[in-house]
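A short worksheet on the structure shown next.
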Amino acid sequence: MKATVVGLQWGDEGKGKVVTYLSRDYDCVVRYSGGSNAGHTVDYGDFKIVHHLLPSADLKRQRMMYIGPGVVVDLDVLLQEIEQIDQYLPYARRLLRISKQAHVVVPFYKQLDEALDKARLSAIGTTRRGIGLSYANRALRCGLRFQDLENPQRAKDLLQELARIWKISIDCEEILNEMLTKYDLVRDLMIDSIEAVKVLRDKNLLFEGTQGVLLDVDVGTYPYVTSTNCSSTGVQAGFSWPVKVDQIYGVMKAYTTRVGEGPFPTELKGEEQEKLRKLGGEYGATTGRPRRCGWLDLVLLRYAIESSGCSSLIMTKADVLTAYEKVPVCVAYKINGRTLGEINNLSNIDEIEPVYELFDGWKSLHSPEFERFVARIEKELEIKFSYISTGPRVDEIIKI
Ligand code: IMP
């Protein structure tokens, strides 16, 4: 059995907790794209683990974790996270493997990430984690992979090449020595992608998407996106094998949030936005930035379901909305005098007018009002929910 979990909005849908829960039924959780731009906290009840790079496998149940070659790895973040799991679950380290073919985020990429974003016509508001630079250098064929660190002279030559290409002056010797010291601490976890595929291909695998479909470099709100196929389409390349996935779970929050710049049709303004942000605790796990908040947008969800091949829905954070008597939901867009329930292109969604319908609010996730909300969303989106998350803890989730 193979499944993928993707976010259906702009990330931060609560995928981490969902992946941790679902991983009970799988042997290994595989990260296939992104890097430490991702971030979420998994609440085990007696302790919490903050993930940026480590797959969100249920570590209490000793599920395996694999960081595939499609991920870009910041060694500092990796070491911090390993230290963190060592503190709570000392055996968990041996459950982790990392592809030797994964690219390394060289420290200066982060400064360049910021400089590049500032030089743009319109800033994207990246996480400044050097993610775009890592993937750009990979595409330019001047990136540094873990396997290069096995040969210090080659790694030094590559750093010098990077300095020439980006016209920057860096102390390659110093950077290399620091990277090698850190690499030594994780060398035992490295594996060739193809060896990993041989070990994993016949196992039950759960592919953990990062960000959300609307931040995917190809189908998202380009250029206000991340630099990878964070949607389900990235799985095969990011795992380095043409794996056939049986199920694609799409995780959606009962409202919408976005971090960074870019269009957001149902975004709330002023105090209304602040109220929802506070109720949902909507502050970025990676950057601490306040998230932009707005109502659920069914037009964008239809688009995300279509483009990701999503086969089953999971709703999170519906409990946050119990404070509202009526819950507005965007059911269609008005564009040039026409009302559309579906769109095929996201390029002009900042020019549309959302058409809202007010749904009766709910005081509990076991109430008839909430059941009606769920049934109506299923009807609108023509797809069923398989789980509803009822709170932040891993086990606060119900199967439908
Ligand atoms: P980058 O991935 O750091 O290059 O940032 C590109 C865009 O994706 C920015 O708008 C970020 O705020 C957004 N982004 C990247 N990772 C996440 C995430 O995990 N959750 C939400 N937004 C993200």
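Naming scheme: A, B, ... for chains in displayed order of the structure tokens; residues 1 onward per chain; ligands 1 onward as shown.
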
Tell me, which residues of region 51-292 of chain A carry DSSP strand (DSSP E), written as a ChimeraX atom specification? /A:51,64-67,72-73,96-99,103-104,190-191,205-208,247-253,256-258,292

Residue neighbourhood region 136-152 of chain A, 9 Å, only C-alpha atoms, exclusion window fewer than 4 positions, as an MDAnalysis selection string: chainID A and resid 72 99:106 131:132 156:159 161:162 165 176:177 179:180 183 187 190 192 227

Within 7 Å of ligand 1 (only C-alpha atoms and all ligand atoms), residues as a PDB file with C-alpha atoms, in the first residue's frame:
```
ATOM      1  CA  TRP A  10      -1.243  27.215   0.664  1.00  0.00           C
ATOM      2  CA  GLY A  11       0.348  24.919   3.239  1.00  0.00           C
ATOM      3  CA  ASP A  12      -0.128  24.812   7.007  1.00  0.00           C
ATOM      4  CA  ASN A  37      10.863  25.877   4.672  1.00  0.00           C
ATOM      5  CA  ALA A  38       8.273  23.378   5.934  1.00  0.00           C
ATOM      6  CA  GLY A  39       7.435  23.351   9.602  1.00  0.00           C
ATOM      7  CA  ILE A 124       7.476  36.438  -2.844  1.00  0.00           C
ATOM      8  CA  GLY A 125       8.143  36.609   0.882  1.00  0.00           C
ATOM      9  CA  THR A 126      10.167  33.389   0.966  1.00  0.00           C
ATOM     10  CA  THR A 127      11.037  31.678   4.232  1.00  0.00           C
ATOM     11  CA  ARG A 128      14.699  32.746   3.650  1.00  0.00           C
ATOM     12  CA  ARG A 129      15.791  29.135   4.119  1.00  0.00           C
ATOM     13  CA  GLY A 130      17.737  29.024   0.854  1.00  0.00           C
ATOM     14  CA  ILE A 131      15.242  26.627  -0.704  1.00  0.00           C
ATOM     15  CA  GLY A 132      14.873  28.349  -4.089  1.00  0.00           C
ATOM     16  CA  THR A 210       5.101  19.744   2.190  1.00  0.00           C
ATOM     17  CA  GLN A 211       3.516  23.189   1.617  1.00  0.00           C
ATOM     18  CA  LEU A 215       2.305  26.668  -3.680  1.00  0.00           C
ATOM     19  CA  TYR A 224       4.135  33.316  -5.556  1.00  0.00           C
ATOM     20  CA  VAL A 225       4.985  29.662  -4.976  1.00  0.00           C
ATOM     21  CA  THR A 226       7.790  27.526  -3.647  1.00  0.00           C
ATOM     22  CA  SER A 227      10.379  26.065  -6.000  1.00  0.00           C
ATOM     23  CA  ARG A 258      -1.393  31.842   3.517  1.00  0.00           C
ATOM     24  CA  VAL A 259       2.126  32.942   4.491  1.00  0.00           C
ATOM     25  CA  GLY A 260       4.058  35.215   2.172  1.00  0.00           C
ATOM     26  CA  GLU A 261       2.821  37.303  -0.716  1.00  0.00           C
TER      27      GLU A 261
END
```

- Mind checking DSSP for region 18-127 of chain A and telling me the helix (DSSP H, G or I) residues as a PyMOL selection string? chain A and resi 18-25+75-88+90-95+108-119

Store the residues of this selection in a file with N, CA and C atoms, as a short mmCIF file (atom, residue, chain, number, x, y, z; two decimals), in the first residue's frame.
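Contents of selection22.cif, as written:
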```cif
data_model
loop_
_atom_site.label_atom_id
_atom_site.label_comp_id
_atom_site.auth_asym_id
_atom_site.auth_seq_id
_atom_site.Cartn_x
_atom_site.Cartn_y
_atom_site.Cartn_z
N VAL A 18 -1.62 14.80 10.68
CA VAL A 18 -2.35 13.78 9.91
C VAL A 18 -1.38 12.66 9.49
N VAL A 19 -0.21 13.07 9.00
CA VAL A 19 0.78 12.07 8.57
C VAL A 19 1.20 11.21 9.76
N THR A 20 1.43 11.84 10.90
CA THR A 20 1.84 11.07 12.09
C THR A 20 0.76 10.03 12.42
N TYR A 21 -0.49 10.46 12.38
CA TYR A 21 -1.58 9.53 12.69
C TYR A 21 -1.63 8.39 11.65
N LEU A 22 -1.66 8.77 10.37
CA LEU A 22 -1.80 7.74 9.33
C LEU A 22 -0.61 6.80 9.28
N SER A 23 0.56 7.27 9.69
CA SER A 23 1.78 6.46 9.56
C SER A 23 1.70 5.16 10.36
N ARG A 24 0.74 5.08 11.29
CA ARG A 24 0.57 3.83 12.05
C ARG A 24 0.33 2.65 11.12
N ASP A 25 -0.31 2.95 9.96
CA ASP A 25 -0.63 1.86 9.02
C ASP A 25 0.43 1.66 7.94
N LEU A 75 21.99 21.23 7.01
CA LEU A 75 22.62 20.37 8.02
C LEU A 75 22.36 20.85 9.45
N ASP A 76 22.32 22.17 9.64
CA ASP A 76 22.08 22.70 10.99
C ASP A 76 20.71 22.27 11.50
N VAL A 77 19.71 22.42 10.61
CA VAL A 77 18.33 22.07 11.00
C VAL A 77 18.24 20.57 11.25
N LEU A 78 18.85 19.80 10.37
CA LEU A 78 18.82 18.34 10.51
C LEU A 78 19.39 17.93 11.88
N LEU A 79 20.54 18.51 12.22
CA LEU A 79 21.18 18.13 13.50
C LEU A 79 20.32 18.54 14.69
N GLN A 80 19.72 19.74 14.58
CA GLN A 80 18.85 20.19 15.69
C GLN A 80 17.69 19.22 15.89
N GLU A 81 17.12 18.76 14.77
CA GLU A 81 15.96 17.87 14.89
C GLU A 81 16.35 16.50 15.41
N ILE A 82 17.52 16.03 15.00
CA ILE A 82 17.97 14.73 15.50
C ILE A 82 18.22 14.84 17.01
N GLU A 83 18.81 15.96 17.41
CA GLU A 83 19.05 16.19 18.84
C GLU A 83 17.73 16.18 19.61
N GLN A 84 16.71 16.80 18.99
CA GLN A 84 15.40 16.88 19.62
C GLN A 84 14.78 15.49 19.81
N ILE A 85 14.86 14.66 18.76
CA ILE A 85 14.24 13.32 18.93
C ILE A 85 15.07 12.48 19.89
N ASP A 86 16.41 12.71 19.90
CA ASP A 86 17.28 11.99 20.84
C ASP A 86 16.83 12.22 22.28
N GLN A 87 16.36 13.47 22.51
CA GLN A 87 15.96 13.86 23.86
C GLN A 87 14.73 13.07 24.34
N TYR A 88 13.76 12.90 23.43
CA TYR A 88 12.51 12.25 23.85
C TYR A 88 12.49 10.75 23.51
N PRO A 90 15.22 8.28 22.21
CA PRO A 90 16.61 8.05 21.81
C PRO A 90 16.79 6.98 20.73
N TYR A 91 15.85 6.02 20.64
CA TYR A 91 16.00 4.97 19.63
C TYR A 91 15.62 5.45 18.23
N ALA A 92 14.94 6.63 18.13
CA ALA A 92 14.34 7.03 16.86
C ALA A 92 15.39 7.34 15.78
N ARG A 93 16.57 7.75 16.21
CA ARG A 93 17.60 8.11 15.22
C ARG A 93 17.86 6.96 14.24
N ARG A 94 17.86 5.75 14.77
CA ARG A 94 18.19 4.63 13.87
C ARG A 94 17.07 4.32 12.88
N LEU A 95 15.93 4.99 13.01
CA LEU A 95 14.82 4.78 12.08
C LEU A 95 14.93 5.70 10.86
N PHE A 108 25.48 30.01 2.62
CA PHE A 108 25.28 31.33 1.99
C PHE A 108 24.03 31.41 1.11
N TYR A 109 23.41 30.27 0.80
CA TYR A 109 22.17 30.30 0.01
C TYR A 109 21.10 31.13 0.72
N LYS A 110 21.15 31.11 2.06
CA LYS A 110 20.08 31.79 2.80
C LYS A 110 20.18 33.31 2.63
N GLN A 111 21.43 33.82 2.66
CA GLN A 111 21.59 35.27 2.43
C GLN A 111 21.18 35.63 1.00
N LEU A 112 21.59 34.78 0.06
CA LEU A 112 21.23 35.05 -1.34
C LEU A 112 19.73 34.99 -1.56
N ASP A 113 19.08 34.08 -0.86
CA ASP A 113 17.62 33.93 -0.95
C ASP A 113 16.96 35.27 -0.61
N GLU A 114 17.44 35.88 0.47
CA GLU A 114 16.87 37.17 0.90
C GLU A 114 17.18 38.27 -0.12
N ALA A 115 18.44 38.31 -0.57
CA ALA A 115 18.84 39.36 -1.52
C ALA A 115 18.03 39.24 -2.81
N LEU A 116 17.84 38.00 -3.26
CA LEU A 116 17.10 37.75 -4.49
C LEU A 116 15.64 38.20 -4.36
N ASP A 117 15.05 37.87 -3.22
CA ASP A 117 13.64 38.22 -3.03
C ASP A 117 13.48 39.74 -3.01
N LYS A 118 14.47 40.42 -2.41
CA LYS A 118 14.38 41.89 -2.35
C LYS A 118 14.55 42.52 -3.72
N ALA A 119 15.28 41.83 -4.61
CA ALA A 119 15.55 42.40 -5.94
C ALA A 119 14.40 42.17 -6.92
#
```

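Put simply, CA of Trp166 (chain A) is 16.6 Å away from CA of Arg120 (chain A).
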
Exercise for review: Skip region 46-48 of chain A itself and residues of its chain fewer than 3 positions away, then list as an MDAnalysis selection string all residues within 12 Å of it, counting only C-alpha atoms.
Suggested key: chainID A and resid 16:17 40:43 51 56 58:60 81 84:85 87:89 392:394
